[in-house]
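Text of the file input.cif, holding mmCIF, C-alpha atoms:
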data_coords
loop_
_atom_site.label_atom_id
_atom_site.label_comp_id
_atom_site.auth_asym_id
_atom_site.auth_seq_id
_atom_site.Cartn_x
_atom_site.Cartn_y
_atom_site.Cartn_z
CA MET G 398 -1.27 3.74 19.81
CA ASN G 399 -3.54 6.66 19.05
CA LEU G 400 -4.39 6.64 15.38
CA GLU G 401 -6.34 9.58 14.00
CA HIS G 402 -9.66 8.05 13.00
CA ARG G 403 -12.87 9.35 11.51
CA THR G 404 -15.79 7.86 9.61
CA GLN G 405 -17.18 9.18 6.34
CA ASP G 406 -19.94 7.59 4.26
CA GLY G 407 -19.60 4.35 6.23
CA VAL G 408 -15.88 4.13 5.59
CA ASP G 409 -13.35 4.25 8.41
CA ILE G 410 -10.52 6.62 7.52
CA ILE G 411 -7.35 6.23 9.57
CA LYS G 412 -4.23 8.34 9.43
CA LEU G 413 -1.10 6.25 9.95
CA PRO G 414 1.82 7.64 11.98
CA GLU G 415 5.15 8.99 10.73
CA ARG G 416 6.79 5.61 11.33
CA LEU G 417 5.29 2.14 11.39
CA MET G 418 7.91 -0.21 12.79
CA MET G 419 8.25 -3.16 15.15
CA ALA G 420 7.78 -0.94 18.20
CA ASP G 421 4.36 0.18 16.96
CA ALA G 422 3.18 -3.04 15.35
CA ALA G 423 1.27 -4.72 18.18
CA ASP G 424 -0.68 -1.59 19.12
CA ALA G 425 -1.41 -0.65 15.52
CA ARG G 426 -2.60 -4.18 14.75
CA ALA G 427 -4.93 -4.17 17.75
CA THR G 428 -6.32 -0.73 16.92
CA LEU G 429 -7.02 -1.65 13.30
CA LYS G 430 -8.65 -4.92 14.37
CA GLU G 431 -10.94 -3.08 16.77
CA ILE G 432 -11.94 -0.50 14.17
CA ILE G 433 -12.64 -3.21 11.59
CA GLU G 434 -14.74 -5.25 14.01
CA GLN G 435 -16.76 -2.25 15.13
CA GLY G 436 -17.19 -0.69 11.70
CA SER G 437 -18.19 -1.70 8.20
CA GLY G 438 -14.90 -3.39 7.34
CA LYS G 439 -14.26 -0.68 4.73
CA LEU G 440 -11.04 1.14 5.57
CA VAL G 441 -9.00 3.89 4.01
CA LEU G 442 -5.51 4.15 5.44
CA ASN G 443 -3.92 7.54 4.88
CA LEU G 444 -0.12 7.28 4.66
CA THR G 445 0.51 10.93 3.91
CA ALA G 446 2.48 11.36 7.14
CA THR G 447 4.22 7.97 6.96
CA SER G 448 7.83 8.41 5.93
CA PHE G 449 9.17 5.07 7.17
CA MET G 450 7.83 1.55 7.37
CA ASP G 451 9.50 -1.84 7.81
CA SER G 452 8.27 -5.40 7.39
CA SER G 453 6.56 -5.23 10.79
CA GLY G 454 4.50 -2.32 9.49
CA LEU G 455 3.69 -4.22 6.31
CA ALA G 456 2.54 -7.15 8.45
CA VAL G 457 0.12 -4.86 10.30
CA LEU G 458 -1.45 -3.74 7.03
CA VAL G 459 -1.70 -7.30 5.69
CA SER G 460 -3.36 -8.36 8.94
CA GLY G 461 -5.85 -5.52 8.60
CA LEU G 462 -6.56 -6.40 4.99
CA GLN G 463 -7.30 -10.01 5.89
CA ALA G 464 -9.61 -8.96 8.73
CA ALA G 465 -11.44 -6.49 6.48
CA ARG G 466 -11.92 -8.95 3.64
CA LYS G 467 -13.35 -11.51 6.08
CA ARG G 468 -16.11 -8.93 6.60
CA ASP G 469 -16.48 -8.42 2.84
CA GLY G 470 -14.68 -5.12 3.23
CA ASP G 471 -11.33 -3.91 1.98
CA VAL G 472 -8.36 -1.75 2.94
CA LEU G 473 -7.46 1.00 0.48
CA LEU G 474 -4.24 2.98 0.81
CA VAL G 475 -3.81 6.66 -0.02
CA GLY G 476 -1.06 9.27 0.05
CA MET G 477 1.88 6.89 -0.19
CA SER G 478 5.33 8.44 -0.59
CA ASN G 479 7.66 7.26 -3.34
CA THR G 480 9.94 5.59 -0.79
CA VAL G 481 7.18 3.65 0.95
CA ARG G 482 5.81 2.73 -2.47
CA ALA G 483 9.21 1.23 -3.31
CA LEU G 484 8.83 -1.04 -0.27
CA PHE G 485 5.38 -2.14 -1.46
CA GLU G 486 6.74 -2.79 -4.95
CA LEU G 487 9.72 -4.80 -3.67
CA THR G 488 7.45 -6.98 -1.57
CA ARG G 489 4.80 -7.16 -4.31
CA LEU G 490 2.18 -5.86 -1.93
CA HIS G 491 1.28 -3.14 -4.44
CA THR G 492 -0.52 -5.94 -6.29
CA VAL G 493 -2.51 -6.85 -3.19
CA PHE G 494 -3.63 -3.44 -1.97
CA GLN G 495 -5.46 -0.85 -4.04
CA ILE G 496 -3.44 2.35 -3.82
CA PHE G 497 -4.91 5.81 -4.52
CA ASP G 498 -3.45 9.29 -4.63
CA ASP G 499 -5.93 10.75 -2.16
CA GLU G 500 -8.90 10.04 0.07
CA PRO G 501 -11.64 11.19 -2.37
CA GLY G 502 -10.35 8.71 -4.94
CA ALA G 503 -10.44 5.86 -2.44
CA LEU G 504 -13.89 6.84 -1.20
CA ARG G 505 -15.20 6.85 -4.77
CA ALA G 506 -13.80 3.33 -5.22
CA PHE G 507 -15.86 2.15 -2.27
CA GLY G 508 -18.85 3.68 -4.00
CA MET O 1435 18.13 3.83 23.61
CA ASN O 1436 21.35 3.88 21.68
CA GLN O 1437 24.42 5.97 22.08
CA GLU O 1438 27.30 6.81 19.86
CA ASP O 1439 30.87 6.02 20.77
CA PRO O 1440 32.41 9.40 21.65
CA THR O 1441 35.83 8.34 20.35
CA GLN O 1442 34.85 8.68 16.69
CA ARG O 1443 37.05 11.01 14.69
CA GLU O 1444 37.88 11.91 11.14
CA GLY O 1445 39.70 9.27 9.15
CA PRO O 1446 42.59 9.67 6.72
CA LEU O 1447 42.39 10.89 3.14
CA ASP O 1448 42.03 8.16 0.52
CA GLN O 1449 43.94 8.13 -2.80
CA ALA O 1450 41.34 10.36 -4.42
CA GLY O 1451 41.72 12.89 -1.67
CA ARG O 1452 38.38 12.09 -0.07
CA ARG O 1453 38.27 11.96 3.66
CA ASP O 1454 36.45 9.01 5.15
CA SER O 1455 35.05 8.97 8.61
CA ALA O 1456 36.42 6.65 11.23
CA PRO O 1457 33.99 3.84 12.06
CA ILE O 1458 30.97 5.00 14.00
CA HIS O 1459 29.88 2.66 16.77
CA LEU O 1460 26.23 2.77 17.70
CA LEU O 1461 25.51 0.82 20.85
CA VAL O 1462 21.96 -0.43 20.62
CA GLN O 1463 19.82 -2.48 22.95
CA SER O 1464 17.42 -5.17 21.81
CA ASP O 1465 14.50 -2.83 22.28
CA PRO O 1466 12.02 -2.04 19.50
CA GLU O 1467 11.51 1.45 20.92
CA GLY O 1468 15.24 2.06 20.60
CA LEU O 1469 15.14 1.03 16.94
CA ALA O 1470 12.53 3.67 16.28
CA ASP O 1471 14.96 6.28 17.62
CA LEU O 1472 17.87 4.77 15.72
CA GLN O 1473 16.03 4.83 12.39
CA ALA O 1474 16.34 8.61 12.10
CA ARG O 1475 20.04 8.43 12.96
CA LEU O 1476 20.65 5.81 10.28
CA LEU O 1477 18.79 7.86 7.71
CA GLY O 1478 21.04 10.78 8.58
CA LEU O 1479 24.19 8.70 8.18
CA CYS O 1480 23.01 7.50 4.78
CA THR O 1481 22.37 11.06 3.66
CA GLN O 1482 25.76 12.22 4.95
CA ALA O 1483 27.34 9.38 2.97
CA GLY O 1484 25.88 10.87 -0.21
CA LEU O 1485 22.86 8.66 -0.78
CA ASP O 1486 19.75 10.28 -2.21
CA ASP O 1487 16.42 10.03 -0.39
CA MET O 1488 15.37 6.78 -2.06
CA ALA O 1489 18.71 5.02 -1.58
CA ALA O 1490 18.91 6.25 2.02
CA PHE O 1491 15.44 4.89 2.72
CA LYS O 1492 16.30 1.51 1.21
CA LEU O 1493 19.56 1.07 3.10
CA THR O 1494 18.01 2.26 6.36
CA CYS O 1495 15.17 -0.20 5.86
CA ALA O 1496 17.62 -3.06 5.25
CA ILE O 1497 19.58 -2.21 8.41
CA VAL O 1498 16.40 -1.94 10.48
CA GLU O 1499 15.33 -5.36 9.21
CA ALA O 1500 18.68 -6.82 10.27
CA LEU O 1501 18.25 -5.26 13.73
CA ASN O 1502 14.68 -6.57 13.91
CA ASN O 1503 16.10 -10.05 13.31
CA CYS O 1504 18.56 -9.61 16.19
CA ILE O 1505 15.66 -8.79 18.52
CA GLU O 1506 13.16 -11.33 17.23
CA HIS O 1507 15.40 -14.29 16.51
CA ALA O 1508 18.84 -13.95 18.11
CA TYR O 1509 17.45 -12.66 21.41
CA GLU O 1510 13.97 -14.15 20.96
CA GLY O 1511 12.32 -10.90 22.00
CA GLU O 1512 14.34 -10.40 25.18
CA THR O 1513 14.90 -6.68 25.67
CA GLY O 1514 17.99 -4.97 27.07
CA GLN O 1515 20.51 -7.17 25.27
CA PRO O 1516 23.46 -5.59 23.45
CA ILE O 1517 23.65 -5.01 19.72
CA ASP O 1518 26.71 -3.27 18.32
CA LEU O 1519 26.31 -1.50 15.00
CA ILE O 1520 29.52 -0.33 13.32
CA TRP O 1521 29.11 2.03 10.37
CA THR O 1522 32.23 2.43 8.24
CA LYS O 1523 32.36 4.68 5.21
CA ASN O 1524 35.06 3.50 2.83
CA PRO O 1525 35.90 4.85 -0.61
CA GLY O 1526 32.96 3.93 -2.80
CA GLU O 1527 30.99 1.97 -0.25
CA VAL O 1528 29.64 1.85 3.24
CA THR O 1529 29.94 -1.21 5.46
CA ILE O 1530 27.53 -1.91 8.29
CA GLU O 1531 28.59 -4.58 10.77
CA ILE O 1532 25.97 -5.75 13.24
CA ARG O 1533 27.05 -7.84 16.23
CA ASP O 1534 24.83 -9.52 18.78
CA GLN O 1535 25.38 -12.16 21.44
CA GLY O 1536 22.16 -14.06 20.85
CA HIS O 1537 21.41 -17.46 19.41
CA PRO O 1538 23.30 -18.36 16.24
CA MET O 1539 21.57 -17.62 12.97
CA PRO O 1540 20.77 -20.38 10.52
CA ASP O 1541 23.09 -20.45 7.55
CA LEU O 1542 22.43 -17.50 5.22
CA GLU O 1543 21.31 -19.90 2.53
CA ALA O 1544 18.50 -20.97 4.82
CA ASN O 1545 17.23 -17.39 4.67
CA ALA O 1546 17.38 -17.22 0.90
CA SER O 1547 13.79 -18.37 0.47
CA PRO O 1548 11.69 -16.45 -2.06
CA MET O 1549 9.33 -13.66 -1.13
CA PRO O 1550 6.43 -15.07 0.88
CA GLY O 1551 2.94 -15.10 -0.57
CA SER O 1552 0.91 -11.93 -0.61
CA ASP O 1553 -1.25 -13.08 2.30
CA ALA O 1554 1.73 -13.92 4.54
CA GLU O 1555 2.19 -11.58 7.46
CA SER O 1556 5.91 -12.26 7.94
CA GLY O 1557 9.01 -13.44 6.10
CA ARG O 1558 9.77 -10.30 4.09
CA GLY O 1559 12.67 -9.02 6.18
CA TRP O 1560 15.44 -11.09 4.66
CA HIS O 1561 14.22 -10.32 1.17
CA ILE O 1562 14.46 -6.60 1.95
CA ILE O 1563 17.98 -7.02 3.37
CA ARG O 1564 19.21 -8.92 0.31
CA GLU O 1565 17.56 -6.71 -2.28
CA TRP O 1566 18.49 -3.36 -0.77
CA THR O 1567 22.15 -4.03 0.01
CA ASP O 1568 24.97 -5.01 -2.33
CA SER O 1569 26.30 -7.85 -0.18
CA VAL O 1570 25.38 -9.74 2.95
CA SER O 1571 27.67 -12.03 4.91
CA TYR O 1572 27.38 -13.80 8.24
CA THR O 1573 29.92 -15.31 10.59
CA ARG O 1574 29.71 -16.65 14.09
CA GLU O 1575 32.67 -15.41 16.15
CA THR O 1576 32.96 -17.11 19.54
CA GLN O 1577 29.66 -16.13 21.16
CA GLU O 1578 28.73 -13.40 18.66
CA ASN O 1579 26.69 -13.24 15.49
CA VAL O 1580 28.35 -10.91 12.99
CA LEU O 1581 26.23 -9.80 10.05
CA THR O 1582 27.97 -7.55 7.55
CA LEU O 1583 26.11 -5.51 4.96
CA THR O 1584 27.71 -3.40 2.26
CA HIS O 1585 26.22 -0.74 0.02
CA ARG O 1586 27.92 1.02 -2.88
CA LEU O 1587 28.03 4.80 -2.77
CA PRO O 1588 27.41 7.06 -5.76
#
Mind converting the file's structure to structure tokens?
Amino acid sequence: MNLEHRTQDGVDIIKLPERLMMADAADARATLKEIIEQGSGKLVLNLTATSFMDSSGLAVLVSGLQAARKRDGDVLLVGMSNTVRALFELTRLHTVFQIFDDEPGALRAFG
Amino acid sequence: MNQEDPTQREGPLDQAGRRDSAPIHLLVQSDPEGLADLQARLLGLCTQAGLDDMAAFKLTCAIVEALNNCIEHAYEGETGQPIDLIWTKNPGEVTIEIRDQGHPMPDLEANASPMPGSDAESGRGWHIIREWTDSVSYTRETQENVLTLTHRLP
């Protein structure tokens, strides 16, 4: 899976696809793992384009969060739609991830 | 890939004069790529049934989770196996029947466990199905699993 990826101020910023479902999960997990291992462990995931996600997609993000925190990093989420936010709230993952409106806000949080 | 049964047609008028559609059969294979294609079709059916964006997302998500379970558990990841999804819009509710020929499911009560911990990578699918539909029932008919979801319409 080709995820749009750039680095700014030591933070890896990744744009997630329109859909994150079972079909994409293995590739997305591997890509995130590689970026985390090669980078600082500080990630911003931009969900602006993501209109649909299922529990397989959530599992990918949780896996990334665990890998990042093992490196004393974190995964911050930005640009989440109201519908995807409802999925995070139902599964209580909105209490696990820090969620920001936009990338500058997340980058400021990383300091 | 999935395909729609070409025999679908308009259904009769109900007592309130609303016309319901005849059941729509979507023939799906146990292929994650196919589910990605189907997701947009399901979202469209939800919207046509009168659900707003949020409700359509929630019901679509619940159906996708049920189909994920067919692939992961009933067919244990084997691709190319048949899944029959029957969408029926009745007065006031939509019914989604999902049939597969895979391994029997555990009793529904066995899937009624609470939401997994925040660090768990899996186990959220059933919670999504239960929370974002109005009813869930399961029967085993001969060699088929039959999972039936209902959702009230506005």
Checklist line | 12 Å contact set for range 1481-1484 of chain O, all atoms listed in the file, chain neighbours under 2 positions out, as a PyMOL selection string | finding: chain O and resi 1452-1455+1474-1479+1486-1494+1521-1529+1585-1588
Check: Which chain G residues are at most 6 Å from chain O (counting only C-alpha atoms), as a PyMOL selection string?
Finding: chain G and resi 419-420+452+456+480
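The coordinates place CA of Ser453 in chain G at 12.2 Å from CA of Ala1500 in chain O.
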Check: Mind telling me what the PyMOL selection byres ((chain O and resi 1509) around 12) catches here, as an MDAnalysis selection string?
Finding: chainID O and resid 1463:1465 1501:1508 1510:1517 1533:1539 1578:1579
May I have the protein, DNA and RNA residues with an atom at most 12 Å from (30.5, -16.0, 8.7), counting only C-alpha atoms in the file's coordinates, returned as an mmCIF file with C-alpha atoms, in the frame of the given file?
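Output below, filename part01.cif:
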data_model
loop_
_atom_site.group_PDB
_atom_site.id
_atom_site.type_symbol
_atom_site.label_atom_id
_atom_site.label_comp_id
_atom_site.auth_asym_id
_atom_site.auth_seq_id
_atom_site.Cartn_x
_atom_site.Cartn_y
_atom_site.Cartn_z
ATOM 1 C CA GLU O 1531 28.590 -4.580 10.770
ATOM 2 C CA ARG O 1533 27.050 -7.840 16.230
ATOM 3 C CA PRO O 1538 23.300 -18.360 16.240
ATOM 4 C CA MET O 1539 21.570 -17.620 12.970
ATOM 5 C CA PRO O 1540 20.770 -20.380 10.520
ATOM 6 C CA ASP O 1541 23.090 -20.450 7.550
ATOM 7 C CA LEU O 1542 22.430 -17.500 5.220
ATOM 8 C CA GLU O 1543 21.310 -19.900 2.530
ATOM 9 C CA VAL O 1570 25.380 -9.740 2.950
ATOM 10 C CA SER O 1571 27.670 -12.030 4.910
ATOM 11 C CA TYR O 1572 27.380 -13.800 8.240
ATOM 12 C CA THR O 1573 29.920 -15.310 10.590
ATOM 13 C CA ARG O 1574 29.710 -16.650 14.090
ATOM 14 C CA GLU O 1575 32.670 -15.410 16.150
ATOM 15 C CA THR O 1576 32.960 -17.110 19.540
ATOM 16 C CA GLU O 1578 28.730 -13.400 18.660
ATOM 17 C CA ASN O 1579 26.690 -13.240 15.490
ATOM 18 C CA VAL O 1580 28.350 -10.910 12.990
ATOM 19 C CA LEU O 1581 26.230 -9.800 10.050
ATOM 20 C CA THR O 1582 27.970 -7.550 7.550
ATOM 21 C CA LEU O 1583 26.110 -5.510 4.960
#
Item checked: Contact residues around Leu417 in chain G with only C-alpha atoms at 8 Å, ignoring same-chain residues under 3 positions, as JSON, numbers by chain -> {"G": [413, 414, 420, 421, 422, 447, 449, 450, 451, 453, 454]}
Check: How would you write, as a ChimeraX atom specification, the residues chosen by the PyMOL selection byres ((chain G and resi 483-499) around 7) on this structure?
Finding: /G:473-476,479-482,500-503 /O:1549,1552,1558
Note to self: I want to know what sits within 6 Å of Ile410 in chain G, based on only C-alpha atoms, with residues of the same chain fewer than 6 positions away left out; could you give that as a ChimeraX atom specification?
What the structure shows: /G:402-404,440-442
For the residues in that selection, give me C-alpha atoms as a short mmCIF file (atom, residue, chain, number, x, y, z; two decimals), keeping the file's coordinate frame.
data_model
loop_
_atom_site.label_atom_id
_atom_site.label_comp_id
_atom_site.auth_asym_id
_atom_site.auth_seq_id
_atom_site.Cartn_x
_atom_site.Cartn_y
_atom_site.Cartn_z
CA HIS G 402 -9.66 8.05 13.00
CA ARG G 403 -12.87 9.35 11.51
CA THR G 404 -15.79 7.86 9.61
CA LEU G 440 -11.04 1.14 5.57
CA VAL G 441 -9.00 3.89 4.01
CA LEU G 442 -5.51 4.15 5.44
#
Checklist line | Between CA of Leu444 in chain G and CA of Ala506 in chain G, distance in Å (one decimal) | finding: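 Value for the CA of Leu444 in chain G-CA of Ala506 in chain G distance: 17.3 Å.
Those residues that approach range 424-439 of chain G to within 6 Å, counting only C-alpha atoms, are G:Met398, G:Val408, G:Asp421, G:Val457, G:Ala465, G:Arg468, G:Gly470, G:Asp471; same-chain residues fewer than 3 positions away are not listed.
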Complete range 1514-1540 of chain O at the level of N, CA and C atoms, written as a PDB file, in the frame of the given file.
ATOM      1  N   GLY O1514      16.843  -5.373  26.257  1.00  0.00           N
ATOM      2  CA  GLY O1514      17.990  -4.970  27.070  1.00  0.00           C
ATOM      3  C   GLY O1514      19.287  -5.675  26.725  1.00  0.00           C
ATOM      4  N   GLN O1515      19.287  -6.458  25.664  1.00  0.00           N
ATOM      5  CA  GLN O1515      20.510  -7.170  25.270  1.00  0.00           C
ATOM      6  C   GLN O1515      21.303  -6.323  24.265  1.00  0.00           C
ATOM      7  N   PRO O1516      22.635  -6.499  24.261  1.00  0.00           N
ATOM      8  CA  PRO O1516      23.460  -5.590  23.450  1.00  0.00           C
ATOM      9  C   PRO O1516      23.492  -5.943  21.953  1.00  0.00           C
ATOM     10  N   ILE O1517      23.416  -4.901  21.168  1.00  0.00           N
ATOM     11  CA  ILE O1517      23.650  -5.010  19.720  1.00  0.00           C
ATOM     12  C   ILE O1517      24.629  -3.892  19.372  1.00  0.00           C
ATOM     13  N   ASP O1518      25.689  -4.250  18.696  1.00  0.00           N
ATOM     14  CA  ASP O1518      26.710  -3.270  18.320  1.00  0.00           C
ATOM     15  C   ASP O1518      26.630  -3.053  16.814  1.00  0.00           C
ATOM     16  N   LEU O1519      26.380  -1.822  16.425  1.00  0.00           N
ATOM     17  CA  LEU O1519      26.310  -1.500  15.000  1.00  0.00           C
ATOM     18  C   LEU O1519      27.521  -0.630  14.655  1.00  0.00           C
ATOM     19  N   ILE O1520      28.310  -1.076  13.705  1.00  0.00           N
ATOM     20  CA  ILE O1520      29.520  -0.330  13.320  1.00  0.00           C
ATOM     21  C   ILE O1520      29.362   0.112  11.866  1.00  0.00           C
ATOM     22  N   TRP O1521      29.312   1.412  11.702  1.00  0.00           N
ATOM     23  CA  TRP O1521      29.110   2.030  10.370  1.00  0.00           C
ATOM     24  C   TRP O1521      30.462   2.521   9.894  1.00  0.00           C
ATOM     25  N   THR O1522      30.928   2.018   8.770  1.00  0.00           N
ATOM     26  CA  THR O1522      32.230   2.430   8.240  1.00  0.00           C
ATOM     27  C   THR O1522      32.057   2.900   6.805  1.00  0.00           C
ATOM     28  N   LYS O1523      32.433   4.154   6.568  1.00  0.00           N
ATOM     29  CA  LYS O1523      32.360   4.680   5.210  1.00  0.00           C
ATOM     30  C   LYS O1523      33.738   4.562   4.580  1.00  0.00           C
ATOM     31  N   ASN O1524      33.819   3.709   3.575  1.00  0.00           N
ATOM     32  CA  ASN O1524      35.060   3.500   2.830  1.00  0.00           C
ATOM     33  C   ASN O1524      34.931   4.176   1.472  1.00  0.00           C
ATOM     34  N   PRO O1525      36.021   4.286   0.744  1.00  0.00           N
ATOM     35  CA  PRO O1525      35.900   4.850  -0.610  1.00  0.00           C
ATOM     36  C   PRO O1525      34.932   4.008  -1.450  1.00  0.00           C
ATOM     37  N   GLY O1526      33.872   4.610  -1.889  1.00  0.00           N
ATOM     38  CA  GLY O1526      32.960   3.930  -2.800  1.00  0.00           C
ATOM     39  C   GLY O1526      31.926   3.046  -2.162  1.00  0.00           C
ATOM     40  N   GLU O1527      32.011   2.804  -0.872  1.00  0.00           N
ATOM     41  CA  GLU O1527      30.990   1.970  -0.250  1.00  0.00           C
ATOM     42  C   GLU O1527      30.920   2.209   1.248  1.00  0.00           C
ATOM     43  N   VAL O1528      29.802   1.820   1.795  1.00  0.00           N
ATOM     44  CA  VAL O1528      29.640   1.850   3.240  1.00  0.00           C
ATOM     45  C   VAL O1528      29.459   0.412   3.717  1.00  0.00           C
ATOM     46  N   THR O1529      30.069   0.122   4.860  1.00  0.00           N
ATOM     47  CA  THR O1529      29.940  -1.210   5.460  1.00  0.00           C
ATOM     48  C   THR O1529      29.233  -1.070   6.800  1.00  0.00           C
ATOM     49  N   ILE O1530      28.271  -1.924   7.026  1.00  0.00           N
ATOM     50  CA  ILE O1530      27.530  -1.910   8.290  1.00  0.00           C
ATOM     51  C   ILE O1530      27.705  -3.292   8.931  1.00  0.00           C
ATOM     52  N   GLU O1531      28.381  -3.319  10.059  1.00  0.00           N
ATOM     53  CA  GLU O1531      28.590  -4.580  10.770  1.00  0.00           C
ATOM     54  C   GLU O1531      27.675  -4.586  11.989  1.00  0.00           C
ATOM     55  N   ILE O1532      26.934  -5.648  12.131  1.00  0.00           N
ATOM     56  CA  ILE O1532      25.970  -5.750  13.240  1.00  0.00           C
ATOM     57  C   ILE O1532      26.318  -6.982  14.070  1.00  0.00           C
ATOM     58  N   ARG O1533      26.632  -6.746  15.346  1.00  0.00           N
ATOM     59  CA  ARG O1533      27.050  -7.840  16.230  1.00  0.00           C
ATOM     60  C   ARG O1533      26.031  -7.999  17.364  1.00  0.00           C
ATOM     61  N   ASP O1534      25.648  -9.238  17.594  1.00  0.00           N
ATOM     62  CA  ASP O1534      24.830  -9.520  18.780  1.00  0.00           C
ATOM     63  C   ASP O1534      25.343 -10.795  19.435  1.00  0.00           C
ATOM     64  N   GLN O1535      24.911 -11.001  20.666  1.00  0.00           N
ATOM     65  CA  GLN O1535      25.380 -12.160  21.440  1.00  0.00           C
ATOM     66  C   GLN O1535      24.247 -13.161  21.658  1.00  0.00           C
ATOM     67  N   GLY O1536      23.310 -13.170  20.726  1.00  0.00           N
ATOM     68  CA  GLY O1536      22.160 -14.060  20.850  1.00  0.00           C
ATOM     69  C   GLY O1536      22.404 -15.412  20.223  1.00  0.00           C
ATOM     70  N   HIS O1537      21.316 -16.122  20.000  1.00  0.00           N
ATOM     71  CA  HIS O1537      21.410 -17.460  19.410  1.00  0.00           C
ATOM     72  C   HIS O1537      21.991 -17.369  18.001  1.00  0.00           C
ATOM     73  N   PRO O1538      22.750 -18.381  17.604  1.00  0.00           N
ATOM     74  CA  PRO O1538      23.300 -18.360  16.240  1.00  0.00           C
ATOM     75  C   PRO O1538      22.191 -18.316  15.197  1.00  0.00           C
ATOM     76  N   MET O1539      22.507 -17.653  14.091  1.00  0.00           N
ATOM     77  CA  MET O1539      21.570 -17.620  12.970  1.00  0.00           C
ATOM     78  C   MET O1539      21.692 -18.904  12.183  1.00  0.00           C
ATOM     79  N   PRO O1540      20.619 -19.319  11.510  1.00  0.00           N
ATOM     80  CA  PRO O1540      20.770 -20.380  10.520  1.00  0.00           C
ATOM     81  C   PRO O1540      21.717 -19.901   9.423  1.00  0.00           C
TER      82      PRO O1540
END
